[in-house]
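S.K.: Before anything else, here's the structure in question.
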Amino acid sequence: MILFQPKPSEYAAAAEYAAAAGLGFELTDFMFCPVLEDTDVCRRLIGKFRNAPVRALHGPFADLNFSGGDPEIQAVTEKRIVRCCECAAELGVEKIVLHSCFFPLMPPGDMLYQIWSENSAEMLTRLAERFSVVFCLENLLDITPDILVGMLKAAGGHPRIRACLDAGHANLSRTSQTEWNRALSPWLSHFHLSDNGGMYDDHIAIGDGTVEWDQFFASLDPRGGSVDFTLEVTGLARVQKSVAWLKANGYYDRLAGCEKA
């Protein structure tokens, strides 16, 4: 299914467009730690979106680490994810996107990285079972797929620990779209699609930047179960422009039907 992230200031128009176009939402409202800390704000947001076409939440990530050297950071990370999972349960949402939360320049063979992978996998599989959610781990600062692949392998093929490939972030890395797709394909069940100029995470409309989309779609081979594609562009106008580009280039029906390459 094709999703997008509605801006709070455009929610009414976004809901109308989603209904007309048959699109869903990936909400970013629950990724902010101050929001998760405020029970009243969470309650209002849940009420606002209870009847909306919400299929996924973007989970918290800022300043968090699944297995940092400071146990208090690890504890607050789990606290934030638990609260996000509770909100997802109240909304009836099963899928939560999380960033890898790891310093990208650490060699994957380093002992610290191995310990981090195992501890992170333990936390995530435990919470996935507890809340019956699917965590989709997204590349952010990662310069290669190695960190995510190691983390996913440490989870032992758990069906609720999947991958989210962000094509815009991949465009800022040292690795091609083809290599990202091939490395993560066994676990892929979610994608973030946006464009940029190759230097910053601009979140501009698909086709307006330097992402090699032909390469991306040619190598697309997700095998991680049900697949969703979020147009992670800023504002409804860019969502509509991205949809028009996908249709003009023959990709829209393939993504809308979650067809596999």
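Lettering and numbering for the structure tokens are positional, with chains as A, B, ... in the shown order, residues counted from 1 in each chain, and ligands counted from 1 in the shown order.
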Which residues of segment 20-110 of chain A come within 9 Å of segment 117-124 of chain A, and for each one, what is the closest pair of atoms and their distance in Å to one decimal, counting only C-alpha atoms, sorted by chain and residue number, as a tab-separated table?
M.R.:
```
residue	atom	partner	partner_atom	distance
A:Asn65	CA	A:Ser120	CA	8.5
A:Phe66	CA	A:Ser120	CA	5.1
A:Ser67	CA	A:Ser120	CA	5.5
A:Glu78	CA	A:Met123	CA	7.7
```
S.K.: Give me, as a list of chain:residue names, all polymer residues having an atom no more than 12 Å from Val35 of chain A, counting only C-alpha atoms and skipping those fewer than 5 positions away in the same chain.
M.R.: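 Answer for this query is A:Thr28, A:Asp29, A:Phe30, A:Asp40, A:Val41, A:Cys42, A:Arg43, A:Arg44, A:Leu45, A:Ile46, A:Gly59, A:Pro60, A:Arg80, A:Arg83, A:Cys84, A:Cys87.
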S.K.: Kindly indicate which residue among A:Gly156, A:Ile96, A:Ala256, A:Gly69 lies nearest to Gly22 of chain A, using only C-alpha atoms for the distances.
M.R.: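 Once distances to Gly22 of chain A are computed over only C-alpha atoms, the minimum belongs to A:Ala256.
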S.K.: Enumerate as a list in words all residues of segment 39-217 of chain A assigned to strand (DSSP E) by DSSP on the backbone, naming them with the chain letters and numbers the document uses.
M.R.: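 Answer for segment 39-217 of chain A restricted to strand (DSSP E) is Val54, Arg55, Ala56, Leu57, His58, Lys95, Ile96, Val97, Leu98, His99, Val134, Phe135, Cys136, Leu137, Glu138, Ile161, Arg162, Ala163, Cys164, Leu165, Asp166, Leu188, Ser189, His190, Phe191, His192 and Leu193 of chain A.
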S.K.: Taking only C-alpha atoms into account, produce a table as a tab-separated table in which each residue of segment 51-75 of chain A with an atom at most 10 Å from an atom of segment 128-144 of chain A appears once, together with its shortest atom pair and the distance in Å to one decimal, ordered by chain and rising number.
M.R.:
```
residue	atom	partner	partner_atom	distance
A:Ala56	CA	A:Val134	CA	9.6
A:Leu57	CA	A:Phe135	CA	9.9
A:His58	CA	A:Cys136	CA	9.4
A:Gly59	CA	A:Phe135	CA	9.1
```
S.K.: Quick one: residues within 12 Å of Glu10 of chain A, only C-alpha atoms counted, chain neighbours fewer than 4 positions away excluded, as number ranges by chain?
M.R.: A: 5-6, 14-18, 234-237, 239
S.K.: Would you save the residues from that selection as a compact mmCIF listing (two decimals), in the first residue's frame, using N, CA, C and O atoms?
M.R.:
```txt
# COMPACT_ATOMS: atom_id res chain seq x y z
N GLN A 5 2.89 10.90 4.97
CA GLN A 5 2.93 11.45 6.32
C GLN A 5 2.24 12.82 6.33
O GLN A 5 2.82 13.80 5.87
N PRO A 6 1.02 12.90 6.84
CA PRO A 6 0.30 14.18 6.80
C PRO A 6 0.89 15.22 7.75
O PRO A 6 1.23 14.91 8.89
N ALA A 14 -5.32 16.50 3.75
CA ALA A 14 -4.63 15.22 3.59
C ALA A 14 -5.60 14.06 3.72
O ALA A 14 -5.52 13.08 2.96
N ALA A 15 -6.51 14.14 4.69
CA ALA A 15 -7.49 13.07 4.88
C ALA A 15 -8.41 12.95 3.67
O ALA A 15 -8.74 11.84 3.23
N GLU A 16 -8.80 14.08 3.13
CA GLU A 16 -9.66 14.08 1.94
C GLU A 16 -8.94 13.47 0.75
O GLU A 16 -9.50 12.65 0.01
N TYR A 17 -7.68 13.85 0.57
CA TYR A 17 -6.90 13.32 -0.55
C TYR A 17 -6.66 11.83 -0.38
O TYR A 17 -6.77 11.05 -1.35
N ALA A 18 -6.32 11.39 0.83
CA ALA A 18 -6.08 9.97 1.08
C ALA A 18 -7.30 9.14 0.75
O ALA A 18 -7.20 8.07 0.14
N THR A 234 7.75 16.36 2.13
CA THR A 234 7.19 17.38 3.00
C THR A 234 6.04 18.11 2.33
O THR A 234 6.24 18.83 1.35
N GLY A 235 4.84 17.92 2.86
CA GLY A 235 3.68 18.66 2.39
C GLY A 235 2.86 17.92 1.35
O GLY A 235 3.37 17.10 0.58
N LEU A 236 1.58 18.21 1.33
CA LEU A 236 0.64 17.51 0.44
C LEU A 236 0.95 17.77 -1.03
O LEU A 236 0.79 16.87 -1.87
N ALA A 237 1.41 18.96 -1.37
CA ALA A 237 1.72 19.26 -2.78
C ALA A 237 2.81 18.34 -3.30
O ALA A 237 2.76 17.86 -4.44
N VAL A 239 3.49 15.35 -2.06
CA VAL A 239 2.89 14.01 -2.14
C VAL A 239 2.20 13.85 -3.49
O VAL A 239 2.40 12.85 -4.21
```
S.K.: Choose the residue, out of A:Phe229, A:Tyr200, A:Phe49, A:Tyr113, that has the smallest atom-to-atom separation from Ala12 of chain A; count only C-alpha atoms.
M.R.: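 Selected residue with least distance to Ala12 of chain A: A:Phe49.
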S.K.: Near His169 of chain A, within 12 Å and counting only C-alpha atoms, which residues show up once chain neighbours fewer than 6 positions away are dropped, as a PDB file with C-alpha atoms, in the first residue's frame?
M.R.:
```pdb
ATOM      1  CA  HIS A  99      15.952   3.990  13.099  1.00  0.00           C
ATOM      2  CA  GLU A 138      15.359   1.989   8.904  1.00  0.00           C
ATOM      3  CA  ASN A 139      18.719   3.163   7.551  1.00  0.00           C
ATOM      4  CA  LEU A 140      19.454   6.741   8.591  1.00  0.00           C
ATOM      5  CA  LEU A 141      23.121   7.710   8.895  1.00  0.00           C
ATOM      6  CA  ASP A 142      24.207   4.241   7.781  1.00  0.00           C
ATOM      7  CA  ILE A 143      26.807   4.369   5.002  1.00  0.00           C
ATOM      8  CA  THR A 144      26.378   0.673   4.130  1.00  0.00           C
ATOM      9  CA  PRO A 145      23.672  -1.929   4.934  1.00  0.00           C
ATOM     10  CA  THR A 175      26.291   2.510  -1.248  1.00  0.00           C
ATOM     11  CA  SER A 176      24.145   2.218  -4.392  1.00  0.00           C
ATOM     12  CA  GLN A 177      20.386   1.726  -4.375  1.00  0.00           C
ATOM     13  CA  TRP A 180      20.841  -1.522  -0.421  1.00  0.00           C
ATOM     14  CA  PHE A 191      10.046   1.734   2.248  1.00  0.00           C
ATOM     15  CA  HIS A 192      10.454   5.481   2.596  1.00  0.00           C
ATOM     16  CA  LEU A 193      10.490   7.251  -0.767  1.00  0.00           C
ATOM     17  CA  SER A 194      11.724  10.826  -1.108  1.00  0.00           C
ATOM     18  CA  ASP A 195      14.268  12.677  -3.188  1.00  0.00           C
ATOM     19  CA  ASN A 196      17.183  14.961  -2.342  1.00  0.00           C
ATOM     20  CA  GLY A 197      20.170  16.685  -3.890  1.00  0.00           C
ATOM     21  CA  GLY A 198      22.722  14.210  -2.572  1.00  0.00           C
ATOM     22  CA  MET A 199      23.905  16.269   0.375  1.00  0.00           C
ATOM     23  CA  TYR A 200      20.956  16.768   2.745  1.00  0.00           C
ATOM     24  CA  ASP A 201      17.796  14.837   3.579  1.00  0.00           C
ATOM     25  CA  ASP A 202      15.617  17.324   1.687  1.00  0.00           C
ATOM     26  CA  HIS A 203      12.383  15.264   1.507  1.00  0.00           C
ATOM     27  CA  THR A 210      19.415  12.980  -7.675  1.00  0.00           C
ATOM     28  CA  VAL A 211      18.053   9.623  -6.425  1.00  0.00           C
ATOM     29  CA  GLU A 232       8.139  10.687   2.938  1.00  0.00           C
TER      30      GLU A 232
END
```
S.K.: Mind checking DSSP for segment 26-131 of chain A and telling me the alpha helix (DSSP H) residues as a ChimeraX atom specification?
M.R.: /A:33-37,39-49,71-91,111-131
S.K.: To one decimal place in Å, what is the distance between atom CA of Ala244 of chain A and atom CA of Leu172 of chain A?
M.R.: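 Taking atom CA of Ala244 of chain A as the start and atom CA of Leu172 of chain A as the end point, the length is 24.3 Å.
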S.K.: Applying 9 Å and only C-alpha atoms, which residues near Phe217 of chain A remain after dropping the ones on its own chain fewer than 4 positions away? List them as an NGL selection string.
M.R.: :A and (177-178 or 212-213 or 221 or 251 or 261)
S.K.: Contacts of Leu3 of chain A at 6 Å or less, counting only C-alpha atoms, minus same-chain residues fewer than 3 places along, as a VMD selection string?
M.R.: chain A and resid 23 to 25 229 to 230
S.K.: Please, what distance in Å, to one decimal, runs between atom CA of Ile206 of chain A and atom CA of Met1 of chain A?
M.R.: 17.0 Å
S.K.: Taking only C-alpha atoms into account, which of A:Ser189, A:Thr39, A:Gln114, A:Ser242 comes nearest Val97 of chain A?
M.R.: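 Distance minimum relative to Val97 of chain A lands on A:Ser189.
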